[in-house]
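Here is the file start.cif (mmCIF, C-alpha atoms).
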data_target
loop_
_atom_site.label_atom_id
_atom_site.label_comp_id
_atom_site.auth_asym_id
_atom_site.auth_seq_id
_atom_site.Cartn_x
_atom_site.Cartn_y
_atom_site.Cartn_z
CA MET L 1 188.84 -68.33 266.28
CA THR L 2 188.08 -72.07 266.07
CA PRO L 3 188.59 -74.10 262.82
CA THR L 4 184.85 -73.69 262.12
CA GLY L 5 185.18 -69.91 262.20
CA LYS L 6 183.33 -69.49 265.49
CA ARG L 7 184.77 -67.52 268.37
CA ALA L 8 186.60 -69.71 270.91
CA PRO L 9 184.80 -70.07 274.24
CA THR L 10 186.05 -67.63 276.84
CA GLY L 11 184.43 -68.95 280.01
CA ALA L 12 186.27 -69.25 283.30
CA ALA L 13 187.05 -72.93 282.63
CA GLN L 14 188.80 -72.19 279.35
CA ARG L 15 190.81 -69.37 280.91
CA LEU L 16 192.15 -71.71 283.60
CA GLU L 17 192.69 -74.81 281.47
CA PRO L 18 196.15 -73.91 280.01
CA LEU L 19 197.54 -73.03 283.44
CA ALA L 20 196.17 -76.22 285.03
CA GLU L 21 197.64 -78.38 282.27
CA ARG L 22 201.00 -76.67 282.61
CA LEU L 23 201.10 -77.26 286.36
CA LEU L 24 200.03 -80.92 286.07
CA GLY L 25 202.15 -81.75 283.03
CA GLY L 26 199.13 -82.97 281.06
CA GLY L 27 195.38 -82.76 280.58
CA LEU L 28 193.02 -82.40 283.52
CA PRO L 29 192.07 -85.82 284.97
CA VAL L 30 188.66 -84.50 286.08
CA ARG L 31 185.76 -82.58 284.60
CA VAL L 32 185.53 -79.06 286.00
CA ARG L 33 182.41 -76.92 285.94
CA MET L 34 182.94 -73.29 286.91
CA TRP L 35 180.54 -70.85 288.56
CA ASP L 36 179.61 -69.41 285.13
CA GLY L 37 178.59 -72.82 283.78
CA SER L 38 181.66 -73.29 281.57
CA GLU L 39 183.32 -76.73 281.61
CA THR L 40 186.66 -78.29 280.75
CA GLY L 41 188.69 -81.40 281.44
CA ALA L 42 188.09 -85.13 281.06
CA ALA L 43 184.53 -85.84 279.95
CA ASP L 44 184.55 -89.20 281.76
CA GLY L 45 186.20 -87.94 284.95
CA PRO L 46 184.61 -87.02 288.28
CA LEU L 47 182.77 -83.71 288.16
CA ILE L 48 184.32 -80.94 290.25
CA ARG L 49 182.07 -77.94 290.78
CA VAL L 50 183.84 -74.65 291.42
CA ARG L 51 180.97 -72.67 292.88
CA SER L 52 182.57 -69.23 293.35
CA ARG L 53 185.58 -67.08 292.56
CA ARG L 54 186.52 -67.38 296.22
CA ALA L 55 187.80 -70.90 295.51
CA LEU L 56 190.48 -69.42 293.24
CA ARG L 57 191.39 -66.86 295.88
CA ARG L 58 191.92 -69.69 298.36
CA LEU L 59 194.24 -71.45 295.93
CA LEU L 60 196.18 -68.25 295.26
CA TRP L 61 196.76 -67.73 298.98
CA ALA L 62 197.33 -71.43 299.79
CA PRO L 63 198.36 -73.34 296.64
CA GLY L 64 198.11 -77.12 296.83
CA GLU L 65 196.38 -79.51 299.21
CA LEU L 66 195.46 -77.06 301.97
CA GLY L 67 193.87 -74.51 299.64
CA LEU L 68 191.86 -77.22 297.87
CA ALA L 69 190.75 -78.72 301.19
CA GLU L 70 189.63 -75.35 302.55
CA ALA L 71 187.74 -74.61 299.36
CA TYR L 72 185.90 -77.92 299.83
CA ILE L 73 185.30 -77.33 303.56
CA THR L 74 183.68 -73.95 302.87
CA GLY L 75 181.61 -75.28 299.97
CA ASP L 76 183.42 -73.20 297.34
CA ILE L 77 184.35 -76.49 295.66
CA ASP L 78 182.34 -79.69 295.62
CA ILE L 79 182.65 -83.16 294.12
CA GLU L 80 179.50 -84.56 292.56
CA GLY L 81 178.45 -88.00 293.77
CA ASP L 82 180.19 -90.13 296.39
CA LEU L 83 183.21 -88.28 297.73
CA ALA L 84 185.34 -91.40 298.23
CA ASP L 85 184.58 -92.65 294.71
CA GLY L 86 185.46 -89.23 293.34
CA LEU L 87 188.81 -89.09 295.16
CA ARG L 88 189.61 -92.65 294.09
CA ALA L 89 188.83 -91.88 290.44
CA MET L 90 190.94 -88.71 290.57
CA ARG L 91 193.97 -90.56 291.97
CA HIS L 92 193.53 -93.34 289.40
CA ALA L 93 193.42 -90.84 286.56
CA VAL L 94 196.53 -89.05 287.84
CA ARG L 95 198.43 -92.36 287.95
CA GLU L 96 197.19 -93.49 284.54
CA ARG L 97 198.15 -90.22 282.85
CA GLY L 98 201.49 -89.90 284.57
CA LEU L 99 200.65 -86.48 285.97
CA ARG L 100 202.69 -84.81 288.67
CA PRO L 101 201.73 -82.85 291.78
CA PRO L 102 201.77 -79.12 291.03
CA ARG L 103 205.05 -77.41 291.97
CA PRO L 104 204.49 -73.85 290.81
CA VAL L 105 207.52 -71.66 290.15
CA ALA L 106 207.49 -67.86 290.14
CA GLY L 107 206.33 -67.67 286.53
CA ASP L 108 203.43 -70.02 287.21
CA ARG L 109 202.33 -67.92 290.15
CA LEU L 110 202.35 -64.80 287.96
CA ARG L 111 200.24 -66.57 285.33
CA ALA L 112 197.81 -67.70 288.03
CA VAL L 113 197.48 -64.15 289.37
CA GLY L 114 196.92 -62.87 285.84
CA ALA L 115 194.19 -65.41 285.16
CA ALA L 116 192.56 -64.65 288.49
CA LEU L 117 192.66 -60.90 287.73
CA ARG L 118 190.90 -61.43 284.41
CA MET L 119 188.15 -63.34 286.22
CA GLY L 120 187.80 -60.92 289.12
CA ALA L 121 189.03 -63.50 291.65
CA VAL L 122 191.89 -61.52 293.21
CA GLY L 123 191.31 -60.11 296.66
CA PRO L 124 192.19 -60.37 300.34
CA ARG L 125 192.81 -63.77 301.87
CA PRO L 126 189.48 -65.49 302.59
CA PRO L 127 188.71 -66.22 306.25
CA VAL L 128 190.20 -69.43 307.61
CA PRO L 129 187.47 -72.00 308.43
CA ALA L 130 186.70 -72.10 312.15
CA ALA L 131 187.47 -75.84 312.29
CA ARG L 132 191.17 -75.24 311.64
CA ALA L 133 193.49 -75.85 314.59
CA GLY L 134 195.42 -72.90 315.92
CA LEU L 135 198.18 -74.24 318.15
CA HIS L 136 200.88 -72.17 319.80
CA GLY L 137 203.93 -72.83 321.90
CA VAL L 138 206.83 -75.27 321.74
CA LEU L 139 206.21 -78.36 319.62
CA HIS L 140 205.23 -81.34 321.84
CA SER L 141 205.44 -79.38 325.06
CA LYS L 142 202.86 -80.66 327.53
CA ALA L 143 200.64 -77.61 327.04
CA ARG L 144 200.72 -77.83 323.25
CA ASP L 145 200.14 -81.61 323.27
CA ARG L 146 197.08 -81.07 325.48
CA ALA L 147 195.76 -78.46 323.05
CA ALA L 148 196.37 -80.75 320.07
CA ILE L 149 194.54 -83.66 321.71
CA SER L 150 191.70 -81.39 322.82
CA HIS L 151 191.25 -80.03 319.28
CA HIS L 152 190.38 -83.48 317.95
CA TYR L 153 189.05 -85.55 320.83
CA ASP L 154 187.11 -82.87 322.71
CA LEU L 155 184.97 -82.04 319.68
CA SER L 156 182.17 -83.46 321.84
CA ASN L 157 181.29 -86.82 323.32
CA ALA L 158 177.92 -86.54 321.58
CA PHE L 159 179.61 -86.30 318.17
CA TYR L 160 181.68 -89.45 318.72
CA ALA L 161 178.74 -91.31 320.24
CA LEU L 162 176.85 -90.62 317.02
CA LEU L 163 179.78 -91.59 314.78
CA LEU L 164 181.07 -94.70 316.54
CA ASP L 165 179.35 -97.94 317.54
CA GLU L 166 178.34 -98.75 321.11
CA THR L 167 181.87 -99.78 322.11
CA MET L 168 183.04 -96.17 321.54
CA ALA L 169 186.28 -97.58 320.14
CA TYR L 170 187.90 -94.96 317.91
CA SER L 171 190.58 -97.18 316.40
CA CYS L 172 190.94 -99.95 313.85
CA GLY L 173 188.62 -102.90 314.38
CA TYR L 174 189.47 -106.57 313.78
CA TRP L 175 187.04 -107.96 311.20
CA THR L 176 186.90 -111.73 311.71
CA SER L 177 183.71 -112.51 309.80
CA ASP L 178 181.73 -111.47 306.74
CA ALA L 179 178.56 -113.18 307.96
CA PRO L 180 175.28 -111.24 307.78
CA GLY L 181 174.75 -109.22 310.92
CA TYR L 182 178.45 -108.97 311.78
CA GLY L 183 179.23 -105.27 312.08
CA PRO L 184 181.54 -102.59 313.46
CA ALA L 185 180.78 -103.29 317.13
CA ASP L 186 181.58 -106.97 316.62
CA ALA L 187 184.88 -106.08 314.93
CA GLN L 188 185.78 -103.78 317.81
CA ARG L 189 184.99 -106.42 320.45
CA ASP L 190 187.06 -108.94 318.51
CA LYS L 191 189.93 -106.41 318.51
CA LEU L 192 189.60 -105.83 322.25
CA GLU L 193 189.60 -109.56 322.97
CA LEU L 194 192.63 -110.04 320.71
CA ILE L 195 194.55 -107.38 322.64
CA CYS L 196 193.62 -108.95 325.98
CA ARG L 197 194.82 -112.36 324.79
CA LYS L 198 198.07 -111.00 323.41
CA LEU L 199 198.72 -109.29 326.74
CA ALA L 200 197.81 -112.51 328.63
CA LEU L 201 195.45 -110.59 330.90
CA ARG L 202 194.12 -112.51 333.89
CA PRO L 203 191.96 -111.54 336.90
CA GLY L 204 193.90 -109.27 339.24
CA ALA L 205 196.55 -108.31 336.67
CA ARG L 206 197.47 -104.61 336.44
CA LEU L 207 197.06 -102.95 333.04
CA LEU L 208 198.19 -99.44 332.12
CA ASP L 209 196.09 -98.17 329.20
CA ILE L 210 197.89 -95.10 327.78
CA GLY L 211 195.63 -93.04 325.55
CA CYS L 212 192.50 -94.86 326.71
CA GLY L 213 190.08 -92.90 324.52
CA TRP L 214 186.48 -93.42 325.60
CA GLY L 215 187.49 -96.47 327.60
CA SER L 216 186.69 -99.32 325.22
CA LEU L 217 189.72 -101.44 326.18
CA THR L 218 189.72 -100.27 329.80
CA LEU L 219 186.11 -101.28 330.37
CA TYR L 220 186.41 -104.51 328.39
CA ALA L 221 189.53 -105.66 330.24
CA ALA L 222 187.97 -104.88 333.63
CA ARG L 223 184.55 -106.41 332.93
CA ARG L 224 185.54 -109.43 330.88
CA HIS L 225 188.91 -110.29 332.40
CA GLY L 226 188.78 -108.86 335.92
CA VAL L 227 191.85 -106.69 335.29
CA ARG L 228 192.83 -103.70 337.44
CA VAL L 229 193.26 -100.84 334.95
CA THR L 230 194.87 -97.42 335.15
CA ALA L 231 193.36 -95.52 332.22
CA VAL L 232 195.19 -92.40 331.02
CA THR L 233 194.00 -89.71 328.60
CA LEU L 234 194.86 -86.07 327.94
CA ALA L 235 191.33 -85.26 326.76
CA ARG L 236 189.10 -83.98 329.58
CA GLU L 237 185.85 -84.98 327.88
CA GLN L 238 187.14 -88.50 327.41
CA ALA L 239 188.21 -88.78 331.04
CA GLU L 240 184.81 -87.62 332.26
CA TYR L 241 183.06 -90.05 329.90
CA VAL L 242 185.11 -93.02 331.11
CA ARG L 243 184.55 -92.12 334.77
CA GLN L 244 180.81 -92.04 334.12
CA ARG L 245 180.90 -95.47 332.42
CA VAL L 246 182.99 -96.88 335.27
CA ALA L 247 180.41 -95.72 337.81
CA GLU L 248 177.47 -96.98 335.75
CA GLN L 249 179.06 -100.42 335.40
CA HIS L 250 180.17 -100.57 339.08
CA LEU L 251 183.85 -100.97 338.21
CA GLU L 252 185.26 -98.44 340.68
CA ASP L 253 187.20 -101.19 342.44
CA LEU L 254 189.00 -102.08 339.21
CA VAL L 255 189.44 -98.86 337.22
CA GLU L 256 191.27 -95.61 337.94
CA VAL L 257 190.96 -92.87 335.33
CA ARG L 258 193.68 -90.24 335.11
CA CYS L 259 193.57 -87.13 332.92
CA CYS L 260 197.26 -86.42 332.49
CA ASP L 261 200.23 -86.48 330.12
CA TYR L 262 201.90 -89.85 329.65
CA ARG L 263 205.08 -88.23 330.99
CA ASP L 264 203.34 -87.75 334.36
CA ILE L 265 201.90 -91.22 334.88
CA GLY L 266 204.25 -92.67 337.50
CA ARG L 267 204.38 -96.31 338.53
CA ALA L 268 201.43 -98.40 339.63
CA PRO L 269 200.62 -97.42 343.21
CA GLY L 270 201.70 -100.10 345.65
CA HIS L 271 203.22 -102.12 342.84
CA GLU L 272 206.92 -101.33 342.75
CA GLY L 273 207.65 -103.93 340.08
CA GLY L 274 205.60 -102.08 337.49
CA TYR L 275 202.43 -102.98 335.61
CA ASP L 276 201.83 -106.50 334.34
CA ALA L 277 200.90 -105.13 330.93
CA VAL L 278 200.84 -101.83 329.06
CA SER L 279 198.64 -100.96 326.07
CA THR L 280 198.67 -97.92 323.86
CA VAL L 281 196.16 -98.01 321.02
CA GLU L 282 196.71 -95.40 318.29
CA MET L 283 198.20 -92.89 320.69
CA GLY L 284 201.86 -93.13 319.63
CA GLU L 285 201.15 -91.11 316.47
CA HIS L 286 200.64 -88.06 318.71
CA VAL L 287 203.96 -88.37 320.55
CA GLY L 288 206.27 -86.74 318.03
CA ASP L 289 209.38 -87.99 316.31
CA ALA L 290 211.98 -86.52 318.66
CA GLN L 291 209.98 -87.60 321.73
CA TYR L 292 209.32 -91.19 320.67
CA PRO L 293 212.53 -92.71 322.13
CA ALA L 294 211.56 -91.32 325.54
CA PHE L 295 208.00 -92.60 325.04
CA ALA L 296 209.34 -96.07 324.25
CA GLY L 297 211.47 -95.79 327.37
CA THR L 298 208.32 -95.00 329.36
CA LEU L 299 206.64 -98.15 328.03
CA HIS L 300 209.68 -100.19 329.08
CA GLY L 301 209.89 -98.53 332.48
CA MET L 302 206.20 -98.99 333.29
CA VAL L 303 206.03 -102.74 332.70
CA ARG L 304 207.49 -105.36 335.05
CA PRO L 305 210.11 -107.87 333.86
CA ARG L 306 208.39 -110.49 331.66
CA GLY L 307 205.42 -108.14 331.32
CA ARG L 308 204.01 -107.39 327.89
CA VAL L 309 203.44 -104.19 325.93
CA LEU L 310 201.03 -103.86 323.02
CA VAL L 311 201.32 -100.89 320.68
CA GLN L 312 198.63 -100.47 318.02
CA GLN L 313 199.87 -97.68 315.81
CA MET L 314 199.44 -96.22 312.36
CA SER L 315 202.39 -96.13 309.99
CA ARG L 316 203.19 -94.59 306.61
CA GLY L 317 204.80 -95.85 303.45
CA ARG L 318 208.48 -95.14 303.03
CA GLN L 319 207.87 -92.42 300.43
CA ASP L 320 204.51 -91.20 301.73
CA PRO L 321 203.87 -88.23 304.05
CA GLY L 322 201.59 -90.03 306.49
CA GLY L 323 199.39 -87.03 307.10
CA GLY L 324 199.68 -83.92 304.98
CA ALA L 325 198.70 -80.29 305.24
CA PHE L 326 194.95 -80.92 305.60
CA ILE L 327 195.29 -83.58 308.32
CA GLU L 328 197.79 -81.50 310.27
CA ALA L 329 195.68 -78.35 310.05
CA TYR L 330 192.23 -79.80 310.72
CA ILE L 331 192.38 -83.29 312.22
CA ALA L 332 195.52 -84.25 314.09
CA PRO L 333 197.90 -81.30 314.49
CA ASP L 334 201.50 -82.28 315.29
CA MET L 335 200.81 -85.94 314.46
CA HIS L 336 203.81 -87.95 313.26
CA MET L 337 203.83 -91.32 311.52
CA ARG L 338 206.86 -93.32 310.46
CA PRO L 339 207.40 -96.59 308.59
CA LEU L 340 206.66 -99.64 310.73
CA GLY L 341 210.26 -100.83 310.87
CA GLU L 342 211.42 -97.58 312.44
CA THR L 343 208.89 -97.93 315.28
CA VAL L 344 209.99 -101.51 315.90
CA GLY L 345 213.58 -100.29 316.08
CA LEU L 346 212.69 -97.58 318.60
CA LEU L 347 210.86 -100.03 320.85
CA GLU L 348 213.77 -102.45 320.78
CA GLY L 349 216.17 -99.58 321.38
CA ALA L 350 214.33 -98.91 324.63
CA GLY L 351 214.99 -102.45 325.84
CA LEU L 352 211.76 -104.14 324.78
CA GLU L 353 211.84 -107.35 322.75
CA VAL L 354 209.37 -107.30 319.86
CA ARG L 355 207.76 -110.73 319.58
CA ASP L 356 204.91 -110.26 317.12
CA VAL L 357 203.71 -107.77 314.50
CA GLU L 358 200.28 -108.08 312.92
CA GLY L 359 199.31 -105.80 310.05
CA LEU L 360 195.70 -104.60 310.08
CA ARG L 361 195.72 -102.27 307.09
CA GLU L 362 192.75 -103.83 305.27
CA HIS L 363 190.83 -103.91 308.55
CA TYR L 364 191.12 -100.12 308.73
CA VAL L 365 189.55 -99.72 305.31
CA LEU L 366 186.49 -101.57 306.62
CA THR L 367 186.51 -99.63 309.90
CA VAL L 368 186.76 -96.18 308.33
CA ASP L 369 184.15 -97.07 305.70
CA ALA L 370 181.75 -97.98 308.51
CA TRP L 371 182.29 -94.59 310.16
CA ARG L 372 181.89 -92.86 306.81
CA ARG L 373 178.58 -94.61 306.11
CA THR L 374 177.28 -93.47 309.49
CA LEU L 375 178.33 -89.89 308.76
CA GLU L 376 176.57 -89.92 305.38
CA GLU L 377 173.41 -91.70 306.54
CA ARG L 378 172.97 -89.40 309.55
CA ARG L 379 174.42 -86.26 308.04
CA ALA L 380 171.55 -83.99 309.09
CA GLU L 381 172.07 -85.00 312.72
CA PHE L 382 175.79 -84.31 312.51
CA VAL L 383 175.20 -80.90 310.92
CA ALA L 384 172.76 -79.99 313.69
CA LEU L 385 175.36 -81.05 316.27
CA VAL L 386 178.62 -79.52 314.94
CA GLY L 387 177.77 -77.47 311.84
CA GLU L 388 178.18 -77.93 308.10
CA GLU L 389 181.88 -76.98 307.88
CA THR L 390 182.94 -79.49 310.53
CA VAL L 391 180.90 -82.21 308.81
CA ARG L 392 182.66 -81.43 305.53
CA VAL L 393 186.02 -81.66 307.33
CA TRP L 394 185.09 -85.14 308.51
CA ARG L 395 183.70 -86.21 305.13
CA LEU L 396 187.02 -85.32 303.53
CA TYR L 397 189.03 -86.87 306.37
CA LEU L 398 187.22 -90.21 306.35
CA ALA L 399 187.03 -90.53 302.57
CA GLY L 400 190.70 -89.67 302.16
CA GLY L 401 191.74 -91.85 305.12
CA ALA L 402 190.03 -94.97 303.79
CA LEU L 403 191.70 -94.39 300.42
CA ALA L 404 195.14 -93.96 302.01
CA PHE L 405 194.83 -97.36 303.75
CA GLU L 406 193.41 -98.95 300.62
CA GLU L 407 196.37 -97.76 298.53
CA ARG L 408 199.00 -98.70 301.15
CA ARG L 409 200.10 -95.13 301.70
CA MET L 410 199.18 -95.68 305.35
CA GLY L 411 199.07 -98.79 307.49
CA VAL L 412 198.25 -99.84 311.03
CA ASP L 413 199.84 -102.61 313.06
CA GLN L 414 199.67 -104.33 316.41
CA ILE L 415 203.18 -104.65 317.81
CA LEU L 416 203.53 -107.01 320.77
CA ALA L 417 206.67 -106.62 322.86
CA VAL L 418 207.93 -107.98 326.16
CA ARG L 419 210.40 -106.73 328.75
CA PRO L 420 212.75 -109.70 329.37
CA ASP L 421 214.00 -110.24 332.89
CA ALA L 422 217.65 -110.02 333.94
CA THR L 423 218.32 -113.57 332.69
CA GLY L 424 216.78 -112.88 329.28
CA SER L 425 213.61 -114.85 329.97
CA ALA L 426 210.51 -113.43 328.30
CA GLY L 427 207.92 -115.88 329.60
CA MET L 428 206.22 -115.98 326.20
CA PRO L 429 204.20 -118.95 324.89
CA ALA L 430 205.75 -121.15 322.24
CA THR L 431 202.99 -120.42 319.69
CA ARG L 432 200.25 -117.90 318.94
CA ALA L 433 197.52 -120.57 319.20
CA GLY L 434 195.63 -118.89 322.03
CA TRP L 435 195.43 -115.53 320.30
CA HIS L 436 193.50 -116.22 317.12
CA THR L 437 192.03 -119.72 317.15
CA GLY L 438 189.55 -119.24 319.99
CA ALA L 439 191.33 -121.82 322.12
CA ALA L 440 190.92 -119.60 325.17
CA GLU L 441 187.26 -119.03 326.00
CA VAL L 442 186.15 -115.54 326.96
CA PRO L 443 185.71 -115.57 330.75
CA ALA L 444 182.33 -115.03 332.34
CA ALA L 445 181.29 -111.41 332.63
CA ARG L 446 181.29 -109.59 335.96
CA HIS L 447 178.13 -108.33 337.62
CA GLY L 448 175.89 -110.52 335.45
CA GLU L 449 176.95 -109.02 332.10
CA THR L 450 176.03 -111.14 329.08
CA THR L 451 177.16 -108.92 326.21
CA GLY L 452 180.30 -106.98 325.33
CA VAL L 453 181.13 -103.41 326.25
CA THR L 454 178.11 -101.14 325.96
CA GLY L 455 178.89 -97.56 325.03
#
Take the structure in the file and write it out as structure tokens.
Amino acid sequence: MTPTGKRAPTGAAQRLEPLAERLLGGGLPVRVRMWDGSETGAADGPLIRVRSRRALRRLLWAPGELGLAEAYITGDIDIEGDLADGLRAMRHAVRERGLRPPRPVAGDRLRAVGAALRMGAVGPRPPVPAARAGLHGVLHSKARDRAAISHHYDLSNAFYALLLDETMAYSCGYWTSDAPGYGPADAQRDKLELICRKLALRPGARLLDIGCGWGSLTLYAARRHGVRVTAVTLAREQAEYVRQRVAEQHLEDLVEVRCCDYRDIGRAPGHEGGYDAVSTVEMGEHVGDAQYPAFAGTLHGMVRPRGRVLVQQMSRGRQDPGGGAFIEAYIAPDMHMRPLGETVGLLEGAGLEVRDVEGLREHYVLTVDAWRRTLEERRAEFVALVGEETVRVWRLYLAGGALAFEERRMGVDQILAVRPDATGSAGMPATRAGWHTGAAEVPAARHGETTGVTG
């Protein structure tokens, strides 16, 4: 009974509240509305709607991040309002209240089962959402790496064409202006030009683009700088897309596209001294921790003495996971991120000399927010293309990703390295003046082009 003599509420929310507070070490930081209309939690917190008992079954079978994510993906749980704002408010409340991530012990699990029994939520494990990756085989074997890349990047070229801007660059942009009209495509072109300048690309130079994606850097370097590019990707749909763009833009004399593992690249044909430059833009996260020293060795072995290597790669905070159960299950299976300093050490351990590191973390917040706005504004088109569950996967991925960069749990950096020659000479300029100040004009476009890369 309550102090007023009325019977205490016995809705689903009130039944779960004591268990939730025990697991978190304090009051709920959000407002929760259950399928029966009962509510509990912080009155001023984001509203979480638990739409069915199946959400509790998912959490019983997969406690923690993965169970919550799958309940959201299937629509058993929803967050009212803007998803990113809701996640941000939840994390803020957790920090402010000093709450801890749930670490249920055996007794907690028994209490959870008991509460679920009283609410009729116990039953067989709910079906796994179709969007979840199901990889098999030896970790980072060539076959498994191909399957992991295919899971994410072969979703469909149409999906990425709808999500990305016309450059088709699926990586962090370089936002150099806040002027009206400056947008994601401009930031991507500025990033591509920055990479070309850092690599000192000139007409006739040979560039190896490892993990070329949909060819944004490959096409830009060939068209704008007259570079001969070997573009490498494991994703078949990407390779076909780049080949089509190469033919459309009459760049067959400059670009070779190879669909293969980086371990099978080989040296530049007819160029025994190696490539003049090597780029790998947000591909190193897929290599694996144990394999990264050999990958760094490949970068060193592919570039000629005094040639340059640019690695744009995501990193994680020292105490942060840099992924998590949801990302590994639905977005980038087998992905591995490490703190920036460890990557620098691995590159130098392979014989490369790191000459410049530029952090782009805030740029990724802007980049991911642009993708997220597109997903929200054109949601009906995305649902028609890939289905509601996949769209919810991407809503959660992009909202959570932007927040991770915003809060410094994840970062992204451009690391410029050089392979010194036998005498120790690196052939590097004395200053960075030509990279950022616009001192070097963009060369005239080939074949009469007057704009940047076009999708």
Run the PyMOL selection byres ((chain L and resi 318-330) around 6) mentally over the shown coordinates, then write out the matched residues as a compact mmCIF listing (two decimals) with C-alpha atoms, in the frame of the given file, using the chain letters and numbers from the document.
# COMPACT_ATOMS: atom_id res chain seq x y z
CA LEU L 66 195.46 -77.06 301.97
CA ARG L 132 191.17 -75.24 311.64
CA ALA L 133 193.49 -75.85 314.59
CA ARG L 316 203.19 -94.59 306.61
CA GLY L 317 204.80 -95.85 303.45
CA ILE L 331 192.38 -83.29 312.22
CA ALA L 332 195.52 -84.25 314.09
CA PRO L 333 197.90 -81.30 314.49
CA MET L 337 203.83 -91.32 311.52
CA PRO L 339 207.40 -96.59 308.59
CA ARG L 409 200.10 -95.13 301.70
Please check which residues have atoms at most 10 Å from (209.8, -93.3, 331.3) in the file's coordinates, counting only C-alpha atoms, and write them as a ChimeraX atom specification. /L:262-267,293-302,350
Name the residues that the PyMOL selection byres ((chain L and resi 195-212) around 6) pulls out of this structure, and write them as a PyMOL selection string. chain L and resi 192-194+213+215+225-233+275-280+283+308+435
Can I get the selection written as a PDB file, in the coordinates of the input, with C-alpha atoms?
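Output below, filename selection-v9.pdb:
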ATOM      1  CA  LEU L 192     189.600-105.830 322.250  1.00  0.00           C
ATOM      2  CA  GLU L 193     189.600-109.560 322.970  1.00  0.00           C
ATOM      3  CA  LEU L 194     192.630-110.040 320.710  1.00  0.00           C
ATOM      4  CA  GLY L 213     190.080 -92.900 324.520  1.00  0.00           C
ATOM      5  CA  GLY L 215     187.490 -96.470 327.600  1.00  0.00           C
ATOM      6  CA  HIS L 225     188.910-110.290 332.400  1.00  0.00           C
ATOM      7  CA  GLY L 226     188.780-108.860 335.920  1.00  0.00           C
ATOM      8  CA  VAL L 227     191.850-106.690 335.290  1.00  0.00           C
ATOM      9  CA  ARG L 228     192.830-103.700 337.440  1.00  0.00           C
ATOM     10  CA  VAL L 229     193.260-100.840 334.950  1.00  0.00           C
ATOM     11  CA  THR L 230     194.870 -97.420 335.150  1.00  0.00           C
ATOM     12  CA  ALA L 231     193.360 -95.520 332.220  1.00  0.00           C
ATOM     13  CA  VAL L 232     195.190 -92.400 331.020  1.00  0.00           C
ATOM     14  CA  THR L 233     194.000 -89.710 328.600  1.00  0.00           C
ATOM     15  CA  TYR L 275     202.430-102.980 335.610  1.00  0.00           C
ATOM     16  CA  ASP L 276     201.830-106.500 334.340  1.00  0.00           C
ATOM     17  CA  ALA L 277     200.900-105.130 330.930  1.00  0.00           C
ATOM     18  CA  VAL L 278     200.840-101.830 329.060  1.00  0.00           C
ATOM     19  CA  SER L 279     198.640-100.960 326.070  1.00  0.00           C
ATOM     20  CA  THR L 280     198.670 -97.920 323.860  1.00  0.00           C
ATOM     21  CA  MET L 283     198.200 -92.890 320.690  1.00  0.00           C
ATOM     22  CA  ARG L 308     204.010-107.390 327.890  1.00  0.00           C
ATOM     23  CA  TRP L 435     195.430-115.530 320.300  1.00  0.00           C
TER      24      TRP L 435
END
The PyMOL selection byres ((chain L and resi 306) around 9) - which residues does that actually catch in the file I just gave you? List them as a PyMOL selection string. chain L and resi 276+303-305+307-308+418-421+425-428
Students should find that atom CA of L:Gln14 and atom CA of L:Thr40 are spaced 6.6 Å
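Comparing the minimum interatomic distances between L:Gly424 and each of L:Gly351, L:Val242, L:Arg408, L:His436, counting only C-alpha atoms, we find that L:Gly351 sits nearest.
Closest to L:Ile77 among L:Tyr241, L:Leu28, L:Arg392, L:His363 is L:Arg392, based on all atoms listed in the file.
Of note, atom CA of L:Arg372 and atom CA of L:Gly134 are spaced 25.8 Å apart.
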So that I can see what lies close to L:Gly75, please list as a PDB file with C-alpha atoms, in the frame of the given file the residues with an atom at most 12 Å from it, counting all atoms listed in the file and leaving out residues fewer than 3 positions away in the same chain.
ATOM      1  CA  ILE L  48     184.320 -80.940 290.250  1.00  0.00           C
ATOM      2  CA  ARG L  49     182.070 -77.940 290.780  1.00  0.00           C
ATOM      3  CA  VAL L  50     183.840 -74.650 291.420  1.00  0.00           C
ATOM      4  CA  ARG L  51     180.970 -72.670 292.880  1.00  0.00           C
ATOM      5  CA  SER L  52     182.570 -69.230 293.350  1.00  0.00           C
ATOM      6  CA  ARG L  53     185.580 -67.080 292.560  1.00  0.00           C
ATOM      7  CA  ARG L  54     186.520 -67.380 296.220  1.00  0.00           C
ATOM      8  CA  ALA L  55     187.800 -70.900 295.510  1.00  0.00           C
ATOM      9  CA  ARG L  58     191.920 -69.690 298.360  1.00  0.00           C
ATOM     10  CA  LEU L  68     191.860 -77.220 297.870  1.00  0.00           C
ATOM     11  CA  ALA L  69     190.750 -78.720 301.190  1.00  0.00           C
ATOM     12  CA  GLU L  70     189.630 -75.350 302.550  1.00  0.00           C
ATOM     13  CA  ALA L  71     187.740 -74.610 299.360  1.00  0.00           C
ATOM     14  CA  TYR L  72     185.900 -77.920 299.830  1.00  0.00           C
ATOM     15  CA  ASP L  78     182.340 -79.690 295.620  1.00  0.00           C
ATOM     16  CA  ILE L  79     182.650 -83.160 294.120  1.00  0.00           C
ATOM     17  CA  PRO L 129     187.470 -72.000 308.430  1.00  0.00           C
ATOM     18  CA  GLU L 388     178.180 -77.930 308.100  1.00  0.00           C
ATOM     19  CA  GLU L 389     181.880 -76.980 307.880  1.00  0.00           C
ATOM     20  CA  THR L 390     182.940 -79.490 310.530  1.00  0.00           C
ATOM     21  CA  VAL L 391     180.900 -82.210 308.810  1.00  0.00           C
ATOM     22  CA  ARG L 392     182.660 -81.430 305.530  1.00  0.00           C
ATOM     23  CA  VAL L 393     186.020 -81.660 307.330  1.00  0.00           C
ATOM     24  CA  LEU L 396     187.020 -85.320 303.530  1.00  0.00           C
TER      25      LEU L 396
END
